[in-house]
Amino acid sequence: MNAIVEQTLRSATISVLVENESGVLARVIGLFSGRGYNIDSLTVAPVEDDRRKSRITIVTTGTELVIDQIKAQLDRLVPVYRVSDLSREGPHLARELALIKVIGQNQNRAEALRLADAFRARVIDATTESFVFELTGATDKLDAFLDLMRPLGLAEVSRTGVAAIARGTRTI
Amino acid sequence: MNALNTIAVSGAETLLRALRAQGVDVIFGYPGGAVLPIYDALFQQNAIRHILVRHEQAAVHAAEGYARSTGKTGVVLVTSGPGATNAVTGLVDALMDSIPVVCLTGQVPTHLIGNDAFQEADTTGITRQATKHNYLVKRSEDLARIVHEAFYVARTGRPGPVLIDLPKDILINPAPYDEPATGPHRSYRPRTEPDAARIAEAVRLIKTARRPILYTGGGIINAGPEASVLLGEFARLTGAPVTSTLMGLGAFPAANPAFLGMLGMHGTYEANLAMHGCDVMVNLGARFDDRVTGRLNAFSPGSKKIHVDIDPANINKNVVVDVPIVADATLALRALIEAWKSDATRQDRGALADWWARIETWRAKDCLKFTQSFEPGAIIKPQHAIKRLWELTRDRETYITTEVGQHQMWAAQHYRFEHPNRWMTSGGLGTMGYGLPAAMGTQLAHPDALVIDIAGEASILMNIQEMGTLAQYRLPVKIFILNNEYMGMVRQWQELLHGSRYSESYSAALPDFVKLAESFHAVGLRANTIDDLDRVIMDMIASDQPVIADIHVDRFENCFPMIPSGAAHNDMILGPEHEQEARDITDEGLVLV
Ligand SMILES: Cc1ncc(C[n+]2csc(CCOP(=O)(O)OP(=O)(O)O)c2C)c(N)n1
Ligand SMILES: [Mg+2]
C-alpha cells in the first residue's frame, strides 16, 4: 500500500558539520537550488581550533519526506561529517542576531528606545536622528521587534541567520 | 627512507605514479597547453596507455564503456577551458548512470586562477553538480592524496564521476608521493552492510507474498558479477518473476523463464502488469525512475515495497517504501538468501502458481510481436534487424552499446542479454552520441570480443569523429545503424502527441555512410531490403576491421508497447499488431518528457 504521504509543511533546523574546504558551501547551496529545496536561513563558520571543520546551520521548510531527502542528500556529500535535524532530535536552542537601524524624531524616537528596552536590544550607535540596535534571540522575537519598529522609522536591517545547538549533553 | 623518494619528482610524474598504484592501465584523453606536463610524463613511460580520442565528450563515454564492461574505474585526461567544458556531458551521463570515472582536467597556473586567463574555465564550479565530487589541487603536497581519494570516492558507495582540476604549476613543481590511505576517510563513509532486522522483515514479507516480483536495476551490475549470481539464486528460492530496468539488463539471464523482460515506458506488457498487480515488490538496485513508474499515484497501488539501494538519498525519493534497506546489492542479496534459508515461514506455493498463471496470460499477448515480410525487396523491420543481429551473435562474446532513440529501445527489447556487463547504454541522461565512444572503450578492454554499437542515423553523427580513433588503434567496433531517416523517437512522439507534425525531426542531407566508413579507413556495408540483411550482418561480424553497417529500415515504425507520459502501468499502448482502443493522452502527460 502506498503510505499516506504527509503533505503538511514543517520548518526544520539542520546542523551540518563539514570539512572546512573551498567549495563546500557552494556544494550545499547548489544542492538546495538544484533540487528545488527552500533555504529560509543559512549560516556558516569554522568551529574548531584548527579551523578544519565548519558548522553550517540551515533552516528549511518542506514536507516530512522532503526534509528526509534533504538530510540524505546532504549526508552523501563527500566533505560532510554529520547531519543533524535539531528540530527532530530533541529540544534545541536557536538564536539569531540582528543589527537594526531606526531613523526618526521626537515621539517615534522615544517609543523605539522604550520598546528596545523591553526587548533587551542594546543601543550600539546613536545620532540625533538614528539608533542602531543590536538584538539577539529566536527568529520570532526578532520578527516581532522588527514589526514594531516598522512604523517608527525602521530603515535597515542586517541579520546573521540562525545558529542552533541541542540542549543538554547531546552533541552533533 | 628510500633514497629514491627524496629525489624531487614533478607533479605530473607523481600523478602517474598514483594512477599506476590505482591499477590504471589506460587513459582516454586529448592534449592541450595546460596538461602538457602530463603528456610529457606519459611519453616517458609504458605502463599506462593513452588513447587519443577526437573529442573530449567521447573520452568520457569511452571511459564509461571501459568501466561498465570491466567493473574498473575509467580514466579521462583533458585540458583546461574547452577541454573541460567538452567533457561535461560525459560527466553528467556517468553521474546519472552511476559509472565510476576519474576525470583529470588541466587548469591555468594557480597564480592566474580567477584572472580570465587563456583557456581558463571555472571547472570545479561548472562540474560541481556534474560530478559525485571534485577537487582543485592547490598544494603539491595534496596531489597524491587527492588522486587516491578520487578513485576511492568514484568506485565506492554509489559509484560516479570524480574530477580533479590540476593547475599547470602543480604539474610542473615537485610533488611528494604518498601511498593510498589505509584507514577510513575522514568524512565520507558509505554504508554497505544491510541492517539485519530489515532483512528479516523483507524475507517475512516475501515469504508471505501471494504475488511477489523482483524489480532489478543497474545497482546489481555495479555491485559486481557476484551480485548477478546471487540474484539468480534468490529468484530461484523465491520463485518470483524478475523484471529489469534498462540499466540492469543482463544481470538476470533473458533466457530464464522467470524473466519478464524490461519494465517501464517501453517495457513488456507482462512486466508492467506484474508490477502493477504485485502484492510485494522487491526493488534491488533500481531507483523508481519516472521512466519506470509512470504516473506515480497509480504506481503499483496494492503492493508492499522493499527497496535495496546503496544510496540513502534514493530511498523514499519518488516512491514511499515499506522496508528500506541501504546496502550494497551483493551484501544485501547474500543476507536475504541466508535469512530466507533460516526463516521457517512456508511460502504459499499455490498462490504463487496462480500468480504465474496470470502472468502467462499476459505473456501470451506477445507484446513485442511484429511482422516481417520475406518477399524479395521487402522493407526491413527494425525489430527484425535486432532479432537477427542477436541470433547471429549470441554464441560469441558480444558487447552491445547503443545511442539514444527508438533503436535503443528496440535493442533493449529484442537483443537478449544473458550476462552482466555486456550492455552499455545511456539510461539516465539519454545522451545521443554515447554509443560509439562507449563501444571504443569496451573494445579496448576486450580486444577479442565482438563490440557492436546499435545506432540511429541521427545519433551516430554526434560523435562520428571517433571513427578516426577506431582507425588509429585498430579497434574493430561494429556500428549497426538502424537508418530510418528520422529522429525516430522524436517523430514517434510527434505522431502520437503533436498531430503528426514532424517538426525538424527528418534526418535530411545524410552522408553516404558507406563512403564515410571508407574515408575513415573502415568497412562500409549497406542493407536496403530484407534480401541483404543476413549477408550484411554476417559480413560485418566476419570483418576484423571497424565496420559501419547502414541498415535501411521501415521509416514509420513505432516503438511499442508504450506507456505514455503521465499514464499508469496498466494503461499501455500496444503495437498495431494488437487491436486497441484509442487512448487520449492527458494535458498533464503532454508537459512531461
Ligand atoms: C544530445 C541529445 N540531444 C537530443 C536528444 C533528444 N532525442 C532523443 S531521441 C532523438 C532522436 C534520435 O534519432 P536517431 O539517432 O536516428 O534514433 P531513432 O530514434 O531514429 O532510432 C533525439 C533528438 C537526446 N536524447 N540527446
Ligand atoms: Mg533514426
# chains A, B, ... in the order shown; residues from 1 in each chain; ligands from 1
call {"tool": "interface_residues", "arguments": {"of": "chain B", "to": "chain A", "cutoff": "8 Å", "atoms": "only C-alpha atoms", "output": "list in words"}}
result
Arg128, Gln129, Lys132, His133, Val153, Arg186, Ser187, Tyr188, Pro190, Pro301, Gly302, Ser303, Lys304, Asp311, Pro312, Ala313, Asn316, Lys317, Val319, Val320, Val321 and Asp322 of chain B
call {"tool": "residues_near_ligand", "arguments": {"ligand": "ligand 2", "cutoff": "10 Å", "atoms": "only C-alpha atoms and all ligand atoms", "output": "list in words"}}
result
Val404, Gly405, Gln406, His407, Ala455, Gly456, Glu457, Ala458, Ser459, Ile460, Ile481, Leu482, Asn483, Asn484, Glu485, Tyr486, Met487, Gly488, Met489, Val490, Arg491, Ser505, Tyr506, Ser507, His552, Val553 and Arg555 of chain B
call {"tool": "write_last_selection", "arguments": {"atoms": "N, CA, C and O atoms", "output": "short mmCIF file (atom, residue, chain, number, x, y, z; two decimals), in the first residue's frame"}}
result
data_model
loop_
_atom_site.label_atom_id
_atom_site.label_comp_id
_atom_site.auth_asym_id
_atom_site.auth_seq_id
_atom_site.Cartn_x
_atom_site.Cartn_y
_atom_site.Cartn_z
N VAL B 404 20.86 6.82 -28.60
CA VAL B 404 19.60 7.07 -27.91
C VAL B 404 18.46 7.28 -28.91
O VAL B 404 18.61 8.04 -29.86
N GLY B 405 17.38 6.59 -28.68
CA GLY B 405 16.21 6.72 -29.56
C GLY B 405 15.49 5.40 -29.66
O GLY B 405 15.64 4.53 -28.78
N GLN B 406 14.70 5.26 -30.73
CA GLN B 406 13.94 4.03 -30.91
C GLN B 406 14.85 2.82 -30.98
O GLN B 406 14.56 1.77 -30.40
N HIS B 407 15.97 2.97 -31.71
CA HIS B 407 16.87 1.83 -31.89
C HIS B 407 17.36 1.30 -30.54
O HIS B 407 17.56 0.10 -30.36
N ALA B 455 22.99 1.80 -33.43
CA ALA B 455 22.90 3.25 -33.55
C ALA B 455 21.69 3.69 -34.37
O ALA B 455 21.09 2.89 -35.09
N GLY B 456 21.36 4.97 -34.24
CA GLY B 456 20.42 5.61 -35.16
C GLY B 456 21.23 6.50 -36.08
O GLY B 456 22.36 6.89 -35.74
N GLU B 457 20.66 6.81 -37.23
CA GLU B 457 21.44 7.60 -38.19
C GLU B 457 21.66 9.04 -37.69
O GLU B 457 22.62 9.69 -38.08
N ALA B 458 20.78 9.51 -36.81
CA ALA B 458 20.97 10.86 -36.27
C ALA B 458 22.00 10.83 -35.14
O ALA B 458 22.97 11.59 -35.13
N SER B 459 21.83 9.94 -34.20
CA SER B 459 22.74 9.87 -33.04
C SER B 459 24.19 9.66 -33.46
O SER B 459 25.10 10.23 -32.86
N ILE B 460 24.39 8.80 -34.43
CA ILE B 460 25.76 8.41 -34.74
C ILE B 460 26.58 9.62 -35.19
O ILE B 460 27.79 9.68 -34.97
N ILE B 481 23.75 0.66 -37.81
CA ILE B 481 22.82 1.79 -37.84
C ILE B 481 21.44 1.31 -38.30
O ILE B 481 21.31 0.76 -39.39
N LEU B 482 20.43 1.54 -37.45
CA LEU B 482 19.06 1.34 -37.91
C LEU B 482 18.65 2.67 -38.53
O LEU B 482 18.25 3.60 -37.82
N ASN B 483 18.81 2.75 -39.84
CA ASN B 483 18.61 4.02 -40.53
C ASN B 483 17.15 4.16 -40.97
O ASN B 483 16.73 3.54 -41.93
N ASN B 484 16.41 4.97 -40.21
CA ASN B 484 15.00 5.21 -40.56
C ASN B 484 14.81 6.63 -41.09
O ASN B 484 13.69 7.10 -41.22
N GLU B 485 15.90 7.31 -41.34
CA GLU B 485 15.89 8.66 -41.91
C GLU B 485 15.11 9.66 -41.05
O GLU B 485 14.74 10.73 -41.51
N TYR B 486 14.86 9.28 -39.83
CA TYR B 486 14.19 10.20 -38.90
C TYR B 486 14.86 10.11 -37.54
O TYR B 486 15.42 9.06 -37.19
N MET B 487 14.75 11.20 -36.81
CA MET B 487 14.98 11.08 -35.37
C MET B 487 13.73 10.36 -34.88
O MET B 487 12.74 10.97 -34.46
N GLY B 488 13.79 9.05 -35.01
CA GLY B 488 12.57 8.25 -34.90
C GLY B 488 11.81 8.46 -33.61
O GLY B 488 10.58 8.53 -33.60
N MET B 489 12.52 8.54 -32.50
CA MET B 489 11.83 8.68 -31.22
C MET B 489 11.11 10.03 -31.15
O MET B 489 10.01 10.13 -30.60
N VAL B 490 11.74 11.05 -31.72
CA VAL B 490 11.09 12.37 -31.75
C VAL B 490 9.87 12.30 -32.66
O VAL B 490 8.78 12.76 -32.32
N ARG B 491 10.06 11.68 -33.85
CA ARG B 491 8.96 11.57 -34.79
C ARG B 491 7.80 10.79 -34.18
O ARG B 491 6.64 11.16 -34.34
N SER B 505 12.32 16.84 -37.43
CA SER B 505 12.78 15.53 -37.00
C SER B 505 13.20 14.65 -38.17
O SER B 505 13.50 13.47 -37.98
N TYR B 506 13.19 15.21 -39.38
CA TYR B 506 13.65 14.43 -40.54
C TYR B 506 15.18 14.53 -40.62
O TYR B 506 15.75 15.61 -40.49
N SER B 507 15.83 13.42 -40.86
CA SER B 507 17.29 13.42 -41.00
C SER B 507 17.66 13.75 -42.44
O SER B 507 17.94 12.86 -43.24
N HIS B 552 18.91 0.04 -43.76
CA HIS B 552 17.73 0.87 -44.03
C HIS B 552 16.48 0.14 -43.56
O HIS B 552 16.22 -0.98 -43.98
N VAL B 553 15.76 0.78 -42.63
CA VAL B 553 14.60 0.12 -42.03
C VAL B 553 13.34 0.95 -42.27
O VAL B 553 13.42 2.11 -42.72
N ARG B 555 10.65 3.42 -42.17
CA ARG B 555 10.81 4.77 -41.63
C ARG B 555 9.73 5.15 -40.62
O ARG B 555 9.91 6.07 -39.83
#
call {"tool": "atom_distance", "arguments": {"atom1": "CA of Ala94 in chain A", "atom2": "CA of Gln7 in chain A"}}
result
25.3 Å
call {"tool": "closest_residue", "arguments": {"among": "B:Gly11, B:Gly435, B:Gly114, B:Gly285", "to": "Gly224 in chain B", "atoms": "only C-alpha atoms"}}
result
B:Gly285
